[in-house]
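K.L.:
Here you go, structure.cif (mmCIF, C-alpha atoms, pLDDT in the B column; chains and numbers go by the auth columns):
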```
data_upload
loop_
_atom_site.group_PDB
_atom_site.id
_atom_site.type_symbol
_atom_site.label_atom_id
_atom_site.label_comp_id
_atom_site.label_asym_id
_atom_site.label_seq_id
_atom_site.Cartn_x
_atom_site.Cartn_y
_atom_site.Cartn_z
_atom_site.B_iso_or_equiv
_atom_site.auth_seq_id
_atom_site.auth_asym_id
ATOM 1 C CA MET A 1 10.335 -4.516 -11.805 50.00 1486 A
ATOM 2 C CA PRO A 2 9.032 -2.081 -14.449 56.00 1487 A
ATOM 3 C CA ALA A 3 7.733 1.294 -13.255 59.00 1488 A
ATOM 4 C CA ARG A 4 4.626 0.889 -15.413 68.00 1489 A
ATOM 5 C CA PRO A 5 2.472 -2.054 -16.507 76.00 1490 A
ATOM 6 C CA ALA A 6 2.204 -3.444 -20.009 77.00 1491 A
ATOM 7 C CA LEU A 7 -0.247 -1.251 -21.911 82.00 1492 A
ATOM 8 C CA GLN A 8 -2.806 -2.194 -24.520 80.00 1493 A
ATOM 9 C CA PRO A 9 -2.901 -0.382 -27.870 85.00 1494 A
ATOM 10 C CA GLY A 10 -4.282 3.100 -27.315 85.00 1495 A
ATOM 11 C CA GLU A 11 -3.989 2.865 -23.525 86.00 1496 A
ATOM 12 C CA ARG A 12 -2.260 5.693 -21.660 89.00 1497 A
ATOM 13 C CA VAL A 13 -0.930 6.123 -18.118 90.00 1498 A
ATOM 14 C CA LEU A 14 -2.803 8.850 -16.247 91.00 1499 A
ATOM 15 C CA VAL A 15 -1.255 8.521 -12.777 91.00 1500 A
ATOM 16 C CA SER A 16 1.766 6.591 -11.522 90.00 1501 A
ATOM 17 C CA THR A 17 2.616 7.066 -7.861 91.00 1502 A
ATOM 18 C CA ARG A 18 3.569 5.220 -4.687 90.00 1503 A
ATOM 19 C CA ALA A 19 2.309 5.289 -1.122 91.00 1504 A
ATOM 20 C CA HIS A 20 2.914 8.394 0.971 89.00 1505 A
ATOM 21 C CA GLY A 21 6.251 8.548 2.752 87.00 1506 A
ATOM 22 C CA ALA A 22 4.392 8.459 6.063 86.00 1507 A
ATOM 23 C CA ARG A 23 4.359 4.675 5.695 87.00 1508 A
ATOM 24 C CA LEU A 24 8.071 4.749 6.506 91.00 1509 A
ATOM 25 C CA THR A 25 7.514 6.306 9.932 91.00 1510 A
ATOM 26 C CA ARG A 26 7.457 2.991 11.740 93.00 1511 A
ATOM 27 C CA PRO A 27 10.634 1.602 10.064 95.00 1512 A
ATOM 28 C CA PHE A 28 12.395 4.878 10.854 96.00 1513 A
ATOM 29 C CA LEU A 29 11.407 4.688 14.518 97.00 1514 A
ATOM 30 C CA VAL A 30 12.496 1.045 14.674 96.00 1515 A
ATOM 31 C CA LEU A 31 15.868 2.048 13.218 96.00 1516 A
ATOM 32 C CA LEU A 32 16.363 4.767 15.825 97.00 1517 A
ATOM 33 C CA LEU A 33 15.334 2.449 18.654 97.00 1518 A
ATOM 34 C CA THR A 34 17.643 -0.317 17.401 96.00 1519 A
ATOM 35 C CA VAL A 35 20.648 2.009 17.187 95.00 1520 A
ATOM 36 C CA PHE A 36 19.927 3.355 20.680 96.00 1521 A
ATOM 37 C CA ALA A 37 19.469 -0.126 22.159 95.00 1522 A
ATOM 38 C CA LEU A 38 22.676 -1.401 20.529 94.00 1523 A
ATOM 39 C CA SER A 39 24.704 1.560 21.789 94.00 1524 A
ATOM 40 C CA PHE A 40 23.270 1.185 25.280 93.00 1525 A
ATOM 41 C CA ALA A 41 23.968 -2.572 25.383 92.00 1526 A
ATOM 42 C CA GLN A 42 27.529 -2.157 24.104 89.00 1527 A
ATOM 43 C CA ARG A 43 28.238 0.617 26.602 90.00 1528 A
ATOM 44 C CA ALA A 44 26.774 -1.361 29.478 88.00 1529 A
ATOM 45 C CA LEU A 45 28.770 -4.429 28.461 87.00 1530 A
ATOM 46 C CA GLU A 46 31.955 -2.384 28.329 85.00 1531 A
ATOM 47 C CA LEU A 47 31.393 -0.796 31.749 84.00 1532 A
ATOM 48 C CA ARG A 48 30.048 -3.822 33.628 81.00 1533 A
ATOM 49 C CA TRP A 49 32.196 -6.567 32.186 81.00 1534 A
ATOM 50 C CA ARG A 50 35.791 -6.042 31.079 77.00 1535 A
ATOM 51 C CA PRO A 51 37.583 -9.398 31.152 76.00 1536 A
ATOM 52 C CA VAL A 52 41.367 -9.492 30.986 71.00 1537 A
ATOM 53 C CA ALA A 53 42.017 -13.187 30.458 76.00 1538 A
ATOM 54 C CA GLU A 54 40.869 -16.127 28.404 81.00 1539 A
ATOM 55 C CA PRO A 55 38.376 -17.659 27.925 85.00 1540 A
ATOM 56 C CA TRP A 56 36.349 -14.619 28.989 79.00 1541 A
ATOM 57 C CA LEU A 57 37.887 -12.383 26.339 84.00 1542 A
ATOM 58 C CA THR A 58 36.539 -14.745 23.681 87.00 1543 A
ATOM 59 C CA VAL A 59 33.147 -14.894 25.386 87.00 1544 A
ATOM 60 C CA HIS A 60 33.079 -11.094 25.567 84.00 1545 A
ATOM 61 C CA ALA A 61 33.832 -10.800 21.854 87.00 1546 A
ATOM 62 C CA GLY A 62 31.151 -13.400 21.118 90.00 1547 A
ATOM 63 C CA VAL A 63 28.544 -11.420 23.056 90.00 1548 A
ATOM 64 C CA GLU A 64 29.446 -8.234 21.165 91.00 1549 A
ATOM 65 C CA LEU A 65 29.182 -10.093 17.867 93.00 1550 A
ATOM 66 C CA THR A 66 25.791 -11.481 18.887 94.00 1551 A
ATOM 67 C CA LEU A 67 24.529 -7.987 19.655 94.00 1552 A
ATOM 68 C CA LEU A 68 25.679 -6.742 16.238 94.00 1553 A
ATOM 69 C CA VAL A 69 24.071 -9.677 14.424 96.00 1554 A
ATOM 70 C CA ALA A 70 20.781 -9.226 16.294 96.00 1555 A
ATOM 71 C CA ALA A 71 20.721 -5.497 15.530 95.00 1556 A
ATOM 72 C CA GLY A 72 21.523 -6.175 11.872 96.00 1557 A
ATOM 73 C CA TRP A 73 18.705 -8.728 11.640 97.00 1558 A
ATOM 74 C CA VAL A 74 16.216 -6.231 13.103 96.00 1559 A
ATOM 75 C CA VAL A 75 17.330 -3.496 10.684 96.00 1560 A
ATOM 76 C CA VAL A 76 17.072 -5.758 7.643 96.00 1561 A
ATOM 77 C CA ARG A 77 13.722 -7.249 8.611 95.00 1562 A
ATOM 78 C CA SER A 78 11.957 -4.195 10.034 94.00 1563 A
ATOM 79 C CA CYS A 79 13.618 -1.329 8.162 95.00 1564 A
ATOM 80 C CA LEU A 80 15.198 -2.314 4.858 95.00 1565 A
ATOM 81 C CA ARG A 81 12.469 -4.719 3.749 94.00 1566 A
ATOM 82 C CA PRO A 82 9.621 -2.222 4.295 93.00 1567 A
ATOM 83 C CA LEU A 83 11.702 0.451 2.558 94.00 1568 A
ATOM 84 C CA LEU A 84 12.272 -1.725 -0.517 92.00 1569 A
ATOM 85 C CA ARG A 85 8.630 -2.821 -0.549 91.00 1570 A
ATOM 86 C CA TRP A 86 7.499 0.801 -0.396 92.00 1571 A
ATOM 87 C CA TRP A 87 9.914 1.848 -3.161 92.00 1572 A
ATOM 88 C CA ARG A 88 8.951 -0.987 -5.505 89.00 1573 A
ATOM 89 C CA THR A 89 5.166 -0.781 -4.995 90.00 1574 A
ATOM 90 C CA ARG A 90 3.325 1.615 -7.286 91.00 1575 A
ATOM 91 C CA TYR A 91 -0.272 2.619 -7.846 92.00 1576 A
ATOM 92 C CA VAL A 92 -0.915 3.115 -11.567 92.00 1577 A
ATOM 93 C CA LEU A 93 -4.081 4.448 -13.162 93.00 1578 A
ATOM 94 C CA THR A 94 -4.399 4.117 -16.923 92.00 1579 A
ATOM 95 C CA THR A 95 -7.242 5.000 -19.244 91.00 1580 A
ATOM 96 C CA ARG A 96 -8.490 1.398 -18.943 91.00 1581 A
ATOM 97 C CA HIS A 97 -7.138 -0.182 -15.752 92.00 1582 A
ATOM 98 C CA LEU A 98 -6.296 0.416 -12.115 92.00 1583 A
ATOM 99 C CA VAL A 99 -3.026 -1.390 -11.491 90.00 1584 A
ATOM 100 C CA LEU A 100 -1.120 -2.350 -8.357 90.00 1585 A
ATOM 101 C CA LEU A 101 2.548 -3.060 -9.140 87.00 1586 A
ATOM 102 C CA ARG A 102 4.247 -5.028 -6.378 85.00 1587 A
ATOM 103 C CA PRO A 103 7.651 -6.693 -5.866 80.00 1588 A
ATOM 104 C CA GLY A 104 7.736 -10.148 -7.372 75.00 1589 A
ATOM 105 C CA GLY A 105 7.231 -9.428 -11.042 72.00 1590 A
ATOM 106 C CA ALA A 106 4.216 -9.803 -13.289 73.00 1591 A
ATOM 107 C CA ARG A 107 2.745 -12.670 -11.266 74.00 1592 A
ATOM 108 C CA ARG A 108 2.094 -10.288 -8.344 79.00 1593 A
ATOM 109 C CA THR A 109 0.812 -7.420 -10.467 84.00 1594 A
ATOM 110 C CA VAL A 110 -2.918 -6.755 -10.039 87.00 1595 A
ATOM 111 C CA SER A 111 -4.694 -5.077 -12.962 88.00 1596 A
ATOM 112 C CA LEU A 112 -8.452 -4.499 -12.861 90.00 1597 A
ATOM 113 C CA PRO A 113 -10.505 -3.036 -15.751 91.00 1598 A
ATOM 114 C CA LEU A 114 -12.144 0.290 -15.076 92.00 1599 A
ATOM 115 C CA HIS A 115 -15.336 -0.679 -16.885 90.00 1600 A
ATOM 116 C CA GLN A 116 -15.984 -3.128 -14.010 90.00 1601 A
ATOM 117 C CA LEU A 117 -15.623 -0.447 -11.328 91.00 1602 A
ATOM 118 C CA ARG A 118 -18.678 -0.206 -9.071 91.00 1603 A
ATOM 119 C CA ARG A 119 -17.564 2.351 -6.506 91.00 1604 A
ATOM 120 C CA VAL A 120 -14.481 4.089 -5.176 92.00 1605 A
ATOM 121 C CA SER A 121 -14.175 5.934 -1.892 90.00 1606 A
ATOM 122 C CA VAL A 122 -11.694 7.241 0.645 90.00 1607 A
ATOM 123 C CA GLU A 123 -11.937 5.687 4.087 84.00 1608 A
ATOM 124 C CA ARG A 124 -11.910 7.955 7.096 72.00 1609 A
ATOM 125 C CA ARG A 125 -8.634 8.362 8.916 67.00 1610 A
ATOM 126 C CA ARG A 126 -8.629 7.038 12.475 66.00 1611 A
ATOM 127 C CA SER A 127 -5.802 9.287 13.598 61.00 1612 A
ATOM 128 C CA PRO A 128 -5.766 13.102 13.291 58.00 1613 A
ATOM 129 C CA ALA A 129 -5.008 14.245 9.740 56.00 1614 A
ATOM 130 C CA LEU A 130 -2.565 16.989 10.847 55.00 1615 A
ATOM 131 C CA GLY A 131 -2.646 18.532 7.385 59.00 1616 A
ATOM 132 C CA ARG A 132 -1.896 15.289 5.546 72.00 1617 A
ATOM 133 C CA ARG A 133 -3.880 14.521 2.390 75.00 1618 A
ATOM 134 C CA ASP A 134 -2.982 10.878 2.004 83.00 1619 A
ATOM 135 C CA GLY A 135 -5.525 8.204 2.814 86.00 1620 A
ATOM 136 C CA ARG A 136 -6.866 4.742 2.075 88.00 1621 A
ATOM 137 C CA VAL A 137 -8.519 4.542 -1.341 92.00 1622 A
ATOM 138 C CA VAL A 138 -10.917 1.612 -1.674 91.00 1623 A
ATOM 139 C CA ALA A 139 -11.984 0.548 -5.180 92.00 1624 A
ATOM 140 C CA ASP A 140 -14.695 -2.085 -5.584 91.00 1625 A
ATOM 141 C CA PHE A 141 -14.700 -4.038 -8.845 89.00 1626 A
ATOM 142 C CA GLY A 142 -17.664 -6.274 -8.104 85.00 1627 A
ATOM 143 C CA PRO A 143 -17.127 -9.911 -9.085 83.00 1628 A
ATOM 144 C CA LEU A 144 -13.452 -9.292 -9.865 84.00 1629 A
ATOM 145 C CA GLY A 145 -12.646 -8.247 -6.320 83.00 1630 A
ATOM 146 C CA GLY A 146 -11.221 -4.942 -5.174 84.00 1631 A
ATOM 147 C CA LEU A 147 -8.158 -2.930 -4.288 88.00 1632 A
ATOM 148 C CA ARG A 148 -7.316 -1.103 -1.091 88.00 1633 A
ATOM 149 C CA LEU A 149 -4.533 1.386 -1.734 91.00 1634 A
ATOM 150 C CA GLU A 150 -2.973 2.255 1.618 88.00 1635 A
ATOM 151 C CA SER A 151 -1.600 5.764 2.233 88.00 1636 A
ATOM 152 C CA ALA A 152 -2.401 6.909 -1.308 89.00 1637 A
ATOM 153 C CA PRO A 153 -1.112 10.478 -1.775 89.00 1638 A
ATOM 154 C CA GLU A 154 -3.791 13.101 -2.451 89.00 1639 A
ATOM 155 C CA ALA A 155 -6.371 10.402 -1.751 89.00 1640 A
ATOM 156 C CA GLN A 156 -9.483 12.444 -2.552 91.00 1641 A
ATOM 157 C CA ARG A 157 -8.012 13.627 -5.822 92.00 1642 A
ATOM 158 C CA LEU A 158 -6.878 10.129 -6.787 93.00 1643 A
ATOM 159 C CA ALA A 159 -10.338 8.718 -6.077 93.00 1644 A
ATOM 160 C CA GLY A 160 -11.848 11.415 -8.274 93.00 1645 A
ATOM 161 C CA LEU A 161 -9.421 10.616 -11.094 94.00 1646 A
ATOM 162 C CA ILE A 162 -10.289 6.916 -10.862 94.00 1647 A
ATOM 163 C CA ARG A 163 -13.989 7.732 -10.999 93.00 1648 A
ATOM 164 C CA ARG A 164 -13.630 10.043 -14.006 93.00 1649 A
ATOM 165 C CA ALA A 165 -11.433 7.543 -15.859 93.00 1650 A
ATOM 166 C CA ALA A 166 -14.075 4.858 -15.288 92.00 1651 A
ATOM 167 C CA GLU A 167 -16.812 7.158 -16.581 91.00 1652 A
ATOM 168 C CA ASP A 168 -14.730 7.941 -19.670 90.00 1653 A
ATOM 169 C CA GLU A 169 -14.242 4.215 -20.239 88.00 1654 A
ATOM 170 C CA TRP A 170 -17.987 3.693 -19.964 86.00 1655 A
ATOM 171 C CA ALA A 171 -18.634 6.549 -22.390 85.00 1656 A
ATOM 172 C CA ALA A 172 -16.181 5.004 -24.846 81.00 1657 A
ATOM 173 C CA GLY A 173 -18.090 1.725 -24.739 75.00 1658 A
ATOM 174 C CA GLY A 174 -15.579 -0.178 -22.623 57.00 1659 A
ATOM 175 C CA GLY A 175 -18.244 -1.644 -20.313 54.00 1660 A
ATOM 176 C CA ALA A 176 -20.373 -4.681 -21.016 49.00 1661 A
ATOM 177 C CA GLY A 177 -23.920 -3.471 -21.402 42.00 1662 A
ATOM 178 C CA GLU A 178 -25.334 -0.095 -20.386 38.00 1663 A
ATOM 179 C CA PRO A 179 -24.674 1.500 -17.032 39.00 1664 A
ATOM 180 C CA GLY A 180 -27.465 0.930 -14.551 35.00 1665 A
ATOM 181 C CA SER A 181 -29.903 3.708 -13.929 33.00 1666 A
ATOM 182 C CA GLY A 182 -30.499 2.764 -10.319 36.00 1667 A
ATOM 183 C CA GLY A 183 -33.714 0.803 -10.930 36.00 1668 A
ATOM 184 C CA GLY A 184 -34.394 -2.888 -11.284 36.00 1669 A
ATOM 185 C CA ALA A 185 -32.995 -5.692 -9.187 37.00 1670 A
ATOM 186 C CA PRO A 186 -30.251 -4.672 -6.751 40.00 1671 A
ATOM 187 C CA GLY A 187 -26.720 -5.703 -7.583 42.00 1672 A
ATOM 188 C CA PRO A 188 -24.455 -7.853 -5.376 45.00 1673 A
ATOM 189 C CA ARG A 189 -23.205 -6.517 -2.076 50.00 1674 A
ATOM 190 C CA PRO A 190 -19.977 -4.470 -2.152 48.00 1675 A
ATOM 191 C CA THR A 191 -16.835 -6.524 -2.485 53.00 1676 A
ATOM 192 C CA ARG A 192 -14.838 -7.088 0.666 51.00 1677 A
ATOM 193 C CA VAL A 193 -11.329 -5.865 -0.076 54.00 1678 A
ATOM 194 C CA ASP A 194 -8.133 -6.704 1.721 53.00 1679 A
ATOM 195 C CA ARG A 195 -5.052 -4.625 2.380 51.00 1680 A
ATOM 196 C CA ASP A 196 -3.179 -3.751 -0.820 53.00 1681 A
ATOM 197 C CA ALA A 197 -4.550 -6.869 -2.477 53.00 1682 A
ATOM 198 C CA VAL A 198 -7.200 -8.280 -4.727 51.00 1683 A
ATOM 199 C CA VAL A 199 -9.709 -10.667 -3.221 47.00 1684 A
ATOM 200 C CA ALA A 200 -10.963 -13.894 -4.711 41.00 1685 A
ATOM 201 C CA PRO A 201 -13.855 -13.575 -7.178 41.00 1686 A
ATOM 202 C CA ARG A 202 -17.349 -14.418 -6.032 40.00 1687 A
ATOM 203 C CA PRO A 203 -18.501 -17.932 -6.945 37.00 1688 A
ATOM 204 C CA GLY A 204 -21.151 -18.397 -9.575 37.00 1689 A
ATOM 205 C CA PRO A 205 -22.302 -16.079 -12.372 36.00 1690 A
ATOM 206 C CA SER A 206 -22.275 -12.355 -11.751 38.00 1691 A
ATOM 207 C CA ALA A 207 -24.610 -9.637 -12.915 40.00 1692 A
ATOM 208 C CA ALA A 208 -23.587 -7.096 -15.523 42.00 1693 A
ATOM 209 C CA PRO A 209 -21.520 -4.299 -13.964 42.00 1694 A
ATOM 210 C CA ARG A 210 -23.459 -1.228 -12.930 44.00 1695 A
ATOM 211 C CA ARG A 211 -22.252 2.303 -12.326 44.00 1696 A
ATOM 212 C CA PRO A 212 -23.980 3.407 -9.120 41.00 1697 A
ATOM 213 C CA TRP A 213 -22.792 6.992 -9.333 42.00 1698 A
ATOM 214 C CA SER A 214 -23.414 9.919 -11.627 39.00 1699 A
ATOM 215 C CA ARG A 215 -21.744 13.258 -12.007 37.00 1700 A
ATOM 216 C CA ARG A 216 -24.492 14.824 -9.914 33.00 1701 A
ATOM 217 C CA THR A 217 -24.536 12.239 -7.135 30.00 1702 A
ATOM 218 C CA VAL A 218 -20.934 11.646 -6.223 32.00 1703 A
ATOM 219 C CA HIS A 219 -20.325 10.713 -2.588 32.00 1704 A
ATOM 220 C CA GLN A 220 -16.854 10.835 -1.077 34.00 1705 A
ATOM 221 C CA GLU A 221 -15.946 10.374 2.542 33.00 1706 A
ATOM 222 C CA GLN A 222 -14.213 13.389 3.926 32.00 1707 A
ATOM 223 C CA GLU A 223 -11.101 12.932 5.989 32.00 1708 A
#
```
I need this file expressed as structure tokens, please.
P.N.:
Amino acid sequence: MPARPALQPGERVLVSTRAHGARLTRPFLVLLLTVFALSFAQRALELRWRPVAEPWLTVHAGVELTLLVAAGWVVVRSCLRPLLRWWRTRYVLTTRHLVLLRPGGARRTVSLPLHQLRRVSVERRRSPALGRRDGRVVADFGPLGGLRLESAPEAQRLAGLIRRAAEDEWAAGGGAGEPGSGGGAPGPRPTRVDRDAVVAPRPGPSAAPRRPWSRRTVHQEQE
């Protein structure tokens, strides 16, 4: 999987990063618990049951093998797979698109044009921050759907970079029509976004994209 998406002529990569390493806390704890449980089970099996004749020697070896296979399955499923998914998933911001690169090749890559961006914010953390600056960045692209970037590093800064890149794209004429001034008919309700994914477009025709923020009225949720 490439570390960056295919770029259009004149397009540049501004940010290319992956989720904060805190997302690996759960796989790490599962690994420790699995190793402890395997050691405990093997020790208990050795102390409680030590056959000296067949067929119990074969049964004993079979039980040990079963424990090893079960532990290996847990490690692969709950530790290695999340690690590879974390390593191969990247959040990329270019001068024209916000891109989510995921395992599975180009068919699973999500690329949304910045000139369709309606709002971007950082959701409040439910647990104590404890000095961490990562967070969940939610970007709403109106009729195209939205992206929810889990555990984005420097979440407030990344949201600001996305917002400024979208404004620059608007200033360069990348958007269809003029940005809304806040008057007139209200636009559609904010897009409902899912975890690290793009949602299905709304049915029917959509209104021209509006930019509901300005440099003077920028609202960000504080962690």
K.L.:
Name the residues in contact with Phe1513 in chain A at a cut-off of 12 Å, using only C-alpha atoms, excluding same-chain residues fewer than 2 positions from it; report them as number ranges by chain.
P.N.:
A: 1506-1511, 1515-1520, 1559-1560, 1563-1568
K.L.:
For this structure, which residues satisfy the selection - the PyMOL selection byres ((chain A and resi 1638) around 8) - when it is evaluated on the file as given? I want them as a count of residues only.
P.N.:
12
K.L.:
Report the residues retrieved by the PyMOL selection byres ((chain A and resi 1495-1499) around 7) from the displayed file, expressed as a list of chain:residue names.
P.N.:
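Taken on the displayed file, the PyMOL selection byres ((chain A and resi 1495-1499) around 7) yields the residues A:Leu1492, A:Gln1493, A:Pro1494, A:Val1500, A:Ser1501, A:Leu1578, A:Thr1579, A:Thr1580, A:Arg1581.
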K.L.:
Could you name the residues that touch Asp1625 in chain A at 6 Å or less, counting all atoms listed in the file, but leaving out those on the same chain fewer than 2 positions away, as a ChimeraX atom specification?
P.N.:
/A:1603-1604,1627,1631,1676
K.L.:
What is the distance between CA of Leu1629 in chain A and CA of Val1577 in chain A, in Å to one decimal?
P.N.:
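Distance reported for this atom pair: 17.7 Å.
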K.L.:
Just to confirm, what's the straight-line distance from CA of Pro1536 in chain A to CA of Val1554 in chain A in Å (one decimal)?
P.N.:
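One can read the CA of Pro1536 in chain A to CA of Val1554 in chain A distance as 21.5 Å.
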K.L.:
Would you write out, as a PyMOL selection string, every residue that the PyMOL selection byres ((chain A and resi 1596-1600) around 7) captures in this file?
P.N.:
chain A and resi 1581-1585+1594-1595+1601-1602+1651+1654-1655+1659-1660
K.L.:
Interatomic distance between CA of Leu1586 in chain A and CA of Thr1574 in chain A?
P.N.:
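Taking CA of Leu1586 in chain A as the start and CA of Thr1574 in chain A as the end point, the length is 5.4 Å.
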K.L.:
Return the single residue from A:Val1605, A:Leu1634, A:Val1544, A:Val1623 that is closest to Arg1649 in chain A, with distances computed using all atoms listed in the file.
P.N.:
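Going through A:Val1605, A:Leu1634, A:Val1544, A:Val1623 one by one, the smallest distance to Arg1649 in chain A is for A:Val1605.
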K.L.:
Please report, as lines of an AutoDock Vina configuration file, the centre and edge lengths in Å to one decimal of an axis-aligned box covering all listed atoms of range 1570-1585 of chain A with 3 Å per side.
P.N.:
```
center_x = 0.7
center_y = 1.1
center_z = -9.8
size_x = 24.4
size_y = 13.8
size_z = 24.8
```
